[in-house]
Structure formats: C-alpha cells, structure tokens
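File shown here: coords.cif, holding mmCIF, C-alpha atoms.
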data_entry
#
loop_
_atom_site.label_atom_id
_atom_site.label_comp_id
_atom_site.auth_asym_id
_atom_site.auth_seq_id
_atom_site.Cartn_x
_atom_site.Cartn_y
_atom_site.Cartn_z
CA MET A 1 85.11 10.91 132.41
CA THR A 2 84.12 10.65 136.03
CA ASP A 3 81.17 12.56 137.43
CA ARG A 4 83.65 14.86 139.16
CA GLU A 5 85.42 15.64 135.89
CA GLN A 6 82.12 16.25 134.17
CA TYR A 7 80.83 18.56 136.88
CA ALA A 8 80.39 22.18 135.82
CA PRO A 9 78.55 24.69 137.99
CA GLY A 10 75.54 26.50 136.65
CA PRO A 11 75.25 30.29 136.50
CA ALA A 12 75.62 32.38 139.64
CA GLY A 13 72.37 32.72 141.51
CA GLY A 14 70.64 32.49 144.86
CA ALA A 15 73.05 34.84 146.58
CA GLN A 16 72.70 38.32 147.95
CA VAL A 17 74.80 40.61 150.08
CA ARG A 18 73.47 42.61 152.99
CA LYS A 19 75.66 45.65 153.52
CA ASP A 20 75.65 47.06 157.01
CA GLY A 21 78.47 49.60 156.97
CA GLU A 22 81.73 47.68 156.86
CA LYS A 23 80.04 44.46 157.89
CA TRP A 24 78.80 42.56 154.88
CA THR A 25 76.75 39.41 155.17
CA LEU A 26 76.53 36.87 152.41
CA ILE A 27 73.14 35.19 152.16
CA LEU A 28 72.96 32.06 150.05
CA VAL A 29 69.78 30.18 149.27
CA ARG A 30 69.66 26.75 147.69
CA ALA A 31 66.69 24.50 146.99
CA LEU A 32 67.56 20.86 147.71
CA ARG A 33 65.44 17.85 146.78
CA HIS A 34 66.04 16.25 150.14
CA SER A 35 64.23 16.42 153.46
CA PRO A 36 65.34 18.83 156.22
CA ASP A 37 66.27 15.82 158.38
CA LYS A 38 68.61 14.52 155.73
CA VAL A 39 70.12 17.97 155.08
CA TRP A 40 70.55 18.52 158.83
CA GLN A 41 72.65 15.37 159.08
CA ALA A 42 74.88 16.57 156.24
CA LEU A 43 75.38 19.92 158.02
CA THR A 44 76.27 18.44 161.40
CA ASP A 45 77.80 14.98 161.03
CA PRO A 46 81.63 15.11 160.64
CA ALA A 47 81.69 12.17 158.21
CA GLN A 48 79.10 13.82 155.97
CA LEU A 49 80.73 17.26 156.21
CA ARG A 50 83.88 15.68 154.76
CA GLU A 51 81.93 14.96 151.58
CA TRP A 52 81.22 18.58 150.74
CA ALA A 53 82.16 21.24 153.33
CA PRO A 54 85.20 23.55 153.20
CA PHE A 55 86.15 22.51 156.75
CA ASP A 56 86.54 19.32 158.76
CA ALA A 57 84.87 19.03 162.16
CA ASP A 58 86.22 16.76 164.90
CA GLY A 59 82.77 16.28 166.42
CA SER A 60 79.10 16.78 165.71
CA LEU A 61 77.85 20.32 165.17
CA GLY A 62 74.35 19.21 166.10
CA THR A 63 74.48 19.85 169.87
CA VAL A 64 74.21 23.23 171.54
CA GLY A 65 77.24 23.98 173.68
CA ALA A 66 79.45 21.42 171.96
CA THR A 67 82.99 22.62 171.35
CA VAL A 68 84.25 21.47 167.98
CA GLN A 69 87.56 22.03 166.22
CA LEU A 70 87.09 23.18 162.65
CA THR A 71 90.00 22.66 160.27
CA THR A 72 89.96 24.76 157.11
CA VAL A 73 90.60 22.29 154.30
CA GLY A 74 93.55 23.07 152.06
CA ALA A 75 94.66 26.29 153.76
CA PRO A 76 98.28 27.22 152.90
CA THR A 77 99.21 26.48 156.52
CA PRO A 78 97.21 24.29 158.90
CA HIS A 79 94.33 26.39 160.14
CA VAL A 80 92.25 25.14 163.05
CA THR A 81 89.73 27.15 165.04
CA ALA A 82 87.61 26.09 167.98
CA THR A 83 83.91 26.77 167.79
CA THR A 84 81.00 26.42 170.15
CA VAL A 85 77.60 25.55 168.72
CA THR A 86 75.30 28.35 169.88
CA ARG A 87 72.05 27.10 168.36
CA ALA A 88 71.00 23.68 167.13
CA ASP A 89 67.24 23.42 166.62
CA ALA A 90 67.11 20.24 164.53
CA PRO A 91 66.21 20.28 161.70
CA LYS A 92 65.58 24.01 161.42
CA VAL A 93 68.31 26.36 162.63
CA LEU A 94 72.03 25.83 163.24
CA GLU A 95 74.43 28.52 164.44
CA TYR A 96 78.14 28.55 165.23
CA LYS A 97 81.22 30.52 164.27
CA TRP A 98 83.84 29.51 161.74
CA GLY A 99 86.89 31.49 162.79
CA GLY A 100 85.65 35.08 162.85
CA PHE A 101 82.63 34.29 160.67
CA ASP A 102 79.11 33.92 161.99
CA MET A 103 77.44 30.92 160.40
CA ARG A 104 73.67 30.65 160.50
CA TRP A 105 71.94 27.86 158.63
CA GLU A 106 68.19 27.75 158.19
CA LEU A 107 66.30 24.76 156.78
CA GLU A 108 62.71 25.20 155.63
CA PRO A 109 60.65 22.30 154.31
CA VAL A 110 59.35 22.95 150.81
CA GLY A 111 57.27 20.02 149.58
CA ALA A 112 59.51 16.97 150.05
CA GLY A 113 62.61 19.08 149.81
CA THR A 114 64.42 21.82 151.73
CA ARG A 115 65.09 25.46 151.18
CA LEU A 116 68.54 25.89 152.69
CA THR A 117 69.76 29.37 153.63
CA LEU A 118 73.23 30.26 154.87
CA TRP A 119 74.02 33.65 156.41
CA THR A 120 77.74 34.28 156.83
CA ASN A 121 79.77 37.43 157.23
CA ILE A 122 82.79 37.60 154.96
CA ASP A 123 85.26 40.40 154.43
CA ARG A 124 83.82 42.49 151.57
CA ARG A 125 86.93 42.03 149.43
CA PHE A 126 86.48 38.28 149.43
CA ILE A 127 82.72 38.03 149.35
CA SER A 128 82.35 37.01 145.70
CA MET A 129 85.02 34.35 146.21
CA GLY A 130 83.04 33.08 149.16
CA ALA A 131 79.83 32.99 147.15
CA ALA A 132 81.57 31.07 144.35
CA GLY A 133 83.07 28.61 146.81
CA TRP A 134 79.80 27.94 148.61
CA HIS A 135 77.98 27.62 145.27
CA ILE A 136 80.26 24.74 144.35
CA CYS A 137 80.01 23.24 147.85
CA PHE A 138 76.22 23.24 147.60
CA ASP A 139 76.36 21.55 144.19
CA VAL A 140 78.59 18.86 145.69
CA LEU A 141 76.28 18.59 148.71
CA ASP A 142 73.29 18.08 146.43
CA ARG A 143 75.06 15.27 144.57
CA PHE A 144 76.16 13.67 147.82
CA LEU A 145 72.62 13.72 149.20
CA SER A 146 71.36 12.26 145.92
CA GLY A 147 73.62 9.25 146.43
CA ALA A 148 76.06 10.24 143.68
CA PRO A 149 78.94 11.87 145.60
CA ILE A 150 81.70 13.47 143.53
CA GLY A 151 83.96 14.40 146.44
CA ARG A 152 84.35 17.87 147.84
CA ILE A 153 85.79 20.63 145.68
CA VAL A 154 87.27 23.31 147.92
CA ALA A 155 90.39 25.45 148.32
CA GLY A 156 92.94 25.04 145.53
CA ASP A 157 90.81 22.34 143.89
CA ALA A 158 88.01 24.88 143.49
CA MET A 159 90.23 27.78 142.45
CA ARG A 160 92.02 25.79 139.78
CA PHE A 161 88.69 25.02 138.34
CA GLY A 162 87.42 27.23 135.49
CA GLY A 163 83.89 27.27 136.86
CA TRP A 164 85.06 28.90 140.06
CA ARG A 165 86.64 31.86 138.26
CA ARG A 166 83.51 32.40 136.22
CA LEU A 167 81.30 32.22 139.33
CA ASN A 168 83.59 34.62 141.19
CA ALA A 169 83.29 37.12 138.32
CA GLU A 170 79.53 36.64 138.03
CA TYR A 171 78.90 37.08 141.74
CA ALA A 172 81.20 40.11 141.87
CA LYS A 173 79.12 41.66 139.11
CA GLN A 174 75.87 40.81 140.87
CA PHE A 175 77.14 42.30 144.13
CA GLY A 176 78.48 45.41 142.42
CA ILE A 177 82.11 44.89 143.44
CA ASP A 178 85.25 44.40 141.45
CA THR A 179 87.74 41.61 142.01
CA ARG A 180 90.82 43.53 141.03
CA GLY A 181 91.86 43.81 144.66
CA SER A 182 92.13 40.05 144.80
CA ASP A 183 95.40 38.34 144.00
CA VAL A 184 93.80 35.10 142.92
CA MET B 1 115.44 24.54 149.76
CA LYS B 2 115.19 28.27 150.28
CA ILE B 3 114.06 30.60 153.03
CA LYS B 4 111.38 32.65 151.32
CA LEU B 5 109.00 33.51 154.11
CA THR B 6 108.83 34.27 157.78
CA SER B 7 105.77 35.07 159.87
CA VAL B 8 104.63 37.32 162.65
CA TYR B 9 101.38 36.86 164.51
CA VAL B 10 99.20 39.95 164.56
CA ASP B 11 95.97 40.67 166.40
CA ASP B 12 94.36 42.44 163.42
CA GLN B 13 95.40 41.83 159.83
CA ASP B 14 93.96 45.06 158.41
CA LYS B 15 95.69 47.14 161.05
CA ALA B 16 98.88 45.15 160.45
CA LEU B 17 98.75 45.78 156.72
CA ARG B 18 98.42 49.52 157.33
CA PHE B 19 101.36 49.54 159.73
CA TYR B 20 103.70 47.37 157.68
CA THR B 21 102.97 49.26 154.44
CA GLN B 22 102.19 52.85 155.42
CA VAL B 23 104.46 53.16 158.45
CA LEU B 24 107.31 50.74 157.76
CA GLY B 25 107.12 51.14 153.98
CA PHE B 26 106.80 47.53 152.85
CA ALA B 27 104.51 46.58 149.96
CA LYS B 28 101.62 44.13 149.97
CA LYS B 29 102.67 40.99 148.14
CA THR B 30 99.91 38.39 148.47
CA ASP B 31 96.44 38.67 149.94
CA PHE B 32 93.83 35.97 149.60
CA SER B 33 91.31 34.33 151.80
CA GLN B 34 89.93 30.86 152.21
CA GLY B 35 87.02 30.76 154.55
CA PRO B 36 88.09 32.58 157.70
CA PHE B 37 91.75 32.03 156.86
CA ARG B 38 93.54 34.97 155.24
CA TRP B 39 96.99 34.60 153.73
CA LEU B 40 98.58 38.04 153.80
CA THR B 41 102.20 38.83 153.06
CA VAL B 42 104.34 41.91 152.50
CA ALA B 43 107.77 42.33 150.96
CA SER B 44 110.38 45.06 150.91
CA PRO B 45 110.19 47.37 147.86
CA GLU B 46 114.00 47.21 147.88
CA GLU B 47 113.72 43.47 147.29
CA PRO B 48 110.27 42.71 145.83
CA ASP B 49 111.07 39.05 145.19
CA GLY B 50 112.95 38.65 148.44
CA THR B 51 111.80 37.06 151.66
CA GLU B 52 108.15 37.69 152.41
CA LEU B 53 106.74 38.48 155.80
CA GLN B 54 103.46 36.77 156.54
CA LEU B 55 101.07 38.75 158.73
CA ALA B 56 99.31 35.82 160.35
CA LEU B 57 96.23 36.27 162.51
CA ASN B 58 96.88 35.11 166.08
CA ALA B 59 93.68 33.08 165.92
CA SER B 60 94.81 30.17 168.08
CA PRO B 61 95.44 30.25 171.84
CA ALA B 62 99.02 29.08 171.23
CA ALA B 63 99.68 31.99 168.88
CA LYS B 64 98.21 34.51 171.31
CA ALA B 65 100.20 33.15 174.25
CA TYR B 66 103.44 33.07 172.27
CA GLN B 67 102.94 36.61 170.98
CA GLN B 68 102.11 38.03 174.41
CA ALA B 69 105.01 36.28 176.10
CA LEU B 70 107.52 37.61 173.59
CA PHE B 71 106.14 41.12 173.92
CA GLN B 72 106.18 41.05 177.73
CA GLN B 73 109.78 39.93 177.73
CA SER B 74 110.74 42.69 175.26
CA GLN B 75 111.64 40.17 172.59
CA PRO B 76 111.19 41.28 168.99
CA ALA B 77 108.84 39.16 166.92
CA ALA B 78 110.79 40.02 163.78
CA MET B 79 113.97 41.80 162.81
CA PHE B 80 114.54 43.87 159.69
CA PHE B 81 117.91 44.92 158.37
CA THR B 82 118.70 48.39 157.15
CA ASP B 83 121.75 50.30 155.96
CA ASP B 84 120.58 53.43 157.78
CA VAL B 85 118.98 52.72 161.12
CA LYS B 86 119.08 56.34 162.29
CA GLY B 87 117.46 57.58 159.08
CA ASP B 88 114.80 54.86 159.24
CA TYR B 89 114.20 55.66 162.89
CA GLU B 90 113.46 59.30 162.02
CA ARG B 91 111.32 58.43 158.99
CA VAL B 92 109.28 55.73 160.69
CA LYS B 93 108.86 57.82 163.83
CA ALA B 94 107.61 60.73 161.73
CA ARG B 95 104.90 58.42 160.38
CA GLY B 96 103.65 57.86 163.91
CA ALA B 97 105.44 54.72 165.09
CA GLU B 98 106.17 54.32 168.77
CA PHE B 99 109.76 53.31 169.47
CA THR B 100 110.64 51.56 172.70
CA MET B 101 114.37 51.89 172.00
CA PRO B 102 116.05 54.59 169.89
CA PRO B 103 119.06 53.59 167.77
CA THR B 104 121.46 52.02 170.23
CA ASP B 105 124.96 50.64 169.64
CA VAL B 106 125.31 47.01 170.65
CA THR B 107 127.85 44.34 169.78
CA GLY B 108 128.35 44.35 166.04
CA SER B 109 125.34 46.45 165.23
CA THR B 110 123.08 49.37 165.97
CA ILE B 111 119.52 48.44 166.83
CA ALA B 112 116.21 50.16 167.46
CA MET B 113 112.93 48.71 168.65
CA LEU B 114 109.38 49.76 167.92
CA LYS B 115 105.82 48.62 168.43
CA ASP B 116 103.95 47.35 165.39
CA THR B 117 100.52 48.29 166.87
CA CYS B 118 99.43 44.63 166.48
CA GLY B 119 100.96 43.16 169.62
CA ASN B 120 104.62 42.92 168.61
CA LEU B 121 107.97 44.54 169.00
CA ILE B 122 109.96 44.88 165.82
CA GLN B 123 113.72 45.35 165.76
CA LEU B 124 115.59 47.37 163.16
CA THR B 125 119.22 46.33 162.80
CA GLN B 126 122.14 47.93 161.06
CA LEU B 127 125.22 45.76 161.04
CA ALA B 128 128.39 47.63 161.99
CA ARG B 129 130.31 46.25 159.03
CA ARG B 130 127.82 47.83 156.66
CA LYS B 131 128.36 51.31 158.02
CA ALA B 132 131.25 51.84 155.59
CA LYS B 133 128.86 51.63 152.61
#

How does the structure come out when it is put into structure tokens?
Amino acid sequence: MTDREQYAPGPAGGAQVRKDGEKWTLILVRALRHSPDKVWQALTDPAQLREWAPFDADGSLGTVGATVQLTTVGAPTPHVTATTVTRADAPKVLEYKWGGFDMRWELEPVGAGTRLTLWTNIDRRFISMGAAGWHICFDVLDRFLSGAPIGRIVAGDAMRFGGWRRLNAEYAKQFGIDTRGSDV
Amino acid sequence: MKIKLTSVYVDDQDKALRFYTQVLGFAKKTDFSQGPFRWLTVASPEEPDGTELQLALNASPAAKAYQQALFQQSQPAAMFFTDDVKGDYERVKARGAEFTMPPTDVTGSTIAMLKDTCGNLIQLTQLARRKAK
C-alpha cells in the first residue's frame, strides 16, 4: 500500500469553537515539527499549497495587498473567489479571506518546531465538517513538510474517506452540535 | 443526458432558502458546504425527484452583474410552472411575497411576476392549454 492508502487520521483534537451569537469561529491548533519559516512557505507559496490546502492560489499569499484568486478544489461547480492579503508578517501572522471566511494564521516557534493556529469563521451547521477537513489537511501538510508527501486529501476525496466521517462525528460531539442537519 | 438542475444566483443563501421554502413552498433537497462554497438546492414537493433549483451565491462579479442586469430589465431569473397561477398568486402573496405583476394573460399562458427577496424576479406561468385540467 502507498503512504496515502495507509494514512488514517488520529482522534479529533486541537480544535475549539468560539461562539459569538450567530458568528462561530473555528480555532485549530497543530504542533508541527518544522520551523516557522518552513511552515510560512507552505502557507503562502502556490506550489506548496497545492500539496495540502483545500484551495489553489494563483499567486503568493505572502505579500500584503496582493490580490490572489483562490479556487476551491473539487467544488461541485468551479468556485473561484478573489482575495486580498490583509496581513503578512512573515513568519508570524497571515490574514486574508477565503470567500466569506476570515482566515487568520498564527505561527509561534516552539523549540525547533511551530505551533500553528488557524482562526476561521464557518457557518455553525458545517463547523464540524470544517474541523474534520482541516484536521486531514494539517496531517497532509505535516507529511509534506517532513519530505514524505501523500498528496492533498480534500473535497470528495476526504468525504469518501472513513476517517473524515469519524472526525466529523467526533468534532460535532466535542462542539456540542449534531450533524443531522447535514446531508453528507 | 438529462436536465436535472437549473440555478439562480442569490445574494444571501439563508434568506433564499427561507423564501423558496416558506414562501414559495419548495422543499430543501441538498445542502452541503465545502470551504466557503455552499451547494444548496430545492425541489418541488409535487415532484421531489424532479428538476432541482440551485440557490447559488452570487459570489463572483460576473454573477452579481448578470443578476442585477436581469433584474433591472425586468427579466425573470427563473420560471416555475403551475396549474393554478391565480391560486398560487393569492397563496404566495398571503405569505408576504411582493408581486410586480399580478396574473396577466399573455400569448399562450397566464403569468405573474414576483420578487424573491434575493435580487431576482421569478415568473409563475400557467399554460393556457392546461386550464382545461
């Protein structure tokens, strides 16, 4: 079996939801054994984003004011949104919007590695799905940075995957929501 | 090949879902999200496995421009067929919809036009040949 076939995500963890009325923010934390500089490149360079992220970028996300087209990978119809990078303090803080979502990335050095935090607002009904999806993306990112890329697992590829369903259920339980409203 | 789906652009998918279900009377069929993309469709309860209507967010400049231009020129973004346009007009109006045209006889049909609250005009059509039913 290939590394991709063997991949199975671990238990749900490192995520919390901040509930501010109807606006819910998903906060994901992941410890990576790679330097902030290296992680920053993976968050901003289009070629590296293609290895793990749920969107393609047509330019670098590493420059404040840059306008970049983000294409949602595997959406049922082509879905492209323009974004402007609003903060890019390499290798610490990166902010832009993905469609209607605020995306804030924070990179903190911990020893030789990085504590990576993502804040993103997601519709409450889909927030456990988002947490499950990002969990898998971060696993894939970690493998990519370790020099053993398994190729990104997003969209239908992720949903077809047993681990995603389990993560979705686990995160829903952790967040105190049910997934019955979801059709997936 | 089959025609199973058509789309309207809307400026707010939650508001659209309320209008198309609670006011027009359709039923939610599919609703899932992938990142900021949300696939949302409704279908007629009279034909649950019939053609779906996708309520697509007008997220791109092209979608916004197209939607606004149609609306300004009084062009419906979608057309639904009914066997009782006058009855539907009264029912939908009673649920708060704003009609821009009451049931009006035109060539081969009777039509009415209403706002969908999400940036579109919607046409209801009753074909004349179905009146005998």

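All of the residues in chain B within 9 Å of chain A are Lys29, Thr30, Asp31, Phe32, Ser33, Gln34, Gly35, Pro36, Phe37, Arg38, Trp39, Ala59 and Ser60 of chain B, where all atoms listed in the file were counted.
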
Expansion of the PyMOL selection byres ((chain A and resi 3) around 9) into residues, as an NGL selection string: :A and (1-2 or 4-7 or 148-150)

If the PyMOL selection byres ((chain B and resi 57) around 10) is run on the structure shown, which residues does it catch, given as an MDAnalysis selection string? chainID B and resid 7:14 16 37:40 54:56 58:60 63:64 118

Applying the PyMOL selection byres ((chain B and resi 110) around 8) to the file I just gave you, which residues come out? Please list them as a list in words.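 Evaluating the PyMOL selection byres ((chain B and resi 110) around 8) on this file yields Val85, Pro103, Thr104, Asp105, Val106, Thr107, Gly108, Ser109, Ile111, Ala112, Thr125, Gln126, Leu127 and Ala128 of chain B.
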
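Residues within 9 Å of B:Phe99, counting only C-alpha atoms and excluding same-chain residues fewer than 4 positions away, are Tyr89, Lys93, Ala112, Met113, Leu114, Lys115 and Leu121 of chain B.
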
Atom CA of A:Ala31 sits from atom CA of A:Leu49 at a separation of 18.3 Å

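Computed from the coordinates, the atom CA of A:Gly59 to atom CA of A:Arg87 distance equals 15.4 Å.
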
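Take atom CA of A:Phe161 and atom CA of A:Arg33: the distance between them is 25.8 Å.
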
Test item: residues at most 7 Å from A:Thr84, only C-alpha atoms, excluding those fewer than 5 positions along its chain, as number ranges by chain: A: 65-68, 96

Exercise: B:Arg91 partners within 12 Å, only C-alpha atoms, chain neighbours under 6 positions left out, as an NGL selection string: :B and (22-25 or 84-85 or 97-99)

Nearest to A:Arg143: which of A:Pro91, A:Thr44, A:Arg50, A:Leu32 is it, counting all atoms listed in the file?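 Of the candidates, the smallest distance to A:Arg143 is held by A:Leu32.
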
Nearest to A:Asp102, chosen from A:Thr83, A:Asp89, A:His34, A:Phe138, with only C-alpha atoms counted in the distances: A:Thr83

Nearest residue to A:Glu106 from the set A:Leu26, A:Ala12, A:Leu43, A:Val64 (distances using only C-alpha atoms):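 Counting only C-alpha atoms, the residue closest to A:Glu106 is A:Leu43.
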
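With all atoms listed in the file as the basis for measurement, B:Ala27 is the residue among B:Ala65, B:Gly119, B:Ala27, B:Asp83 that approaches B:Glu52 most closely.
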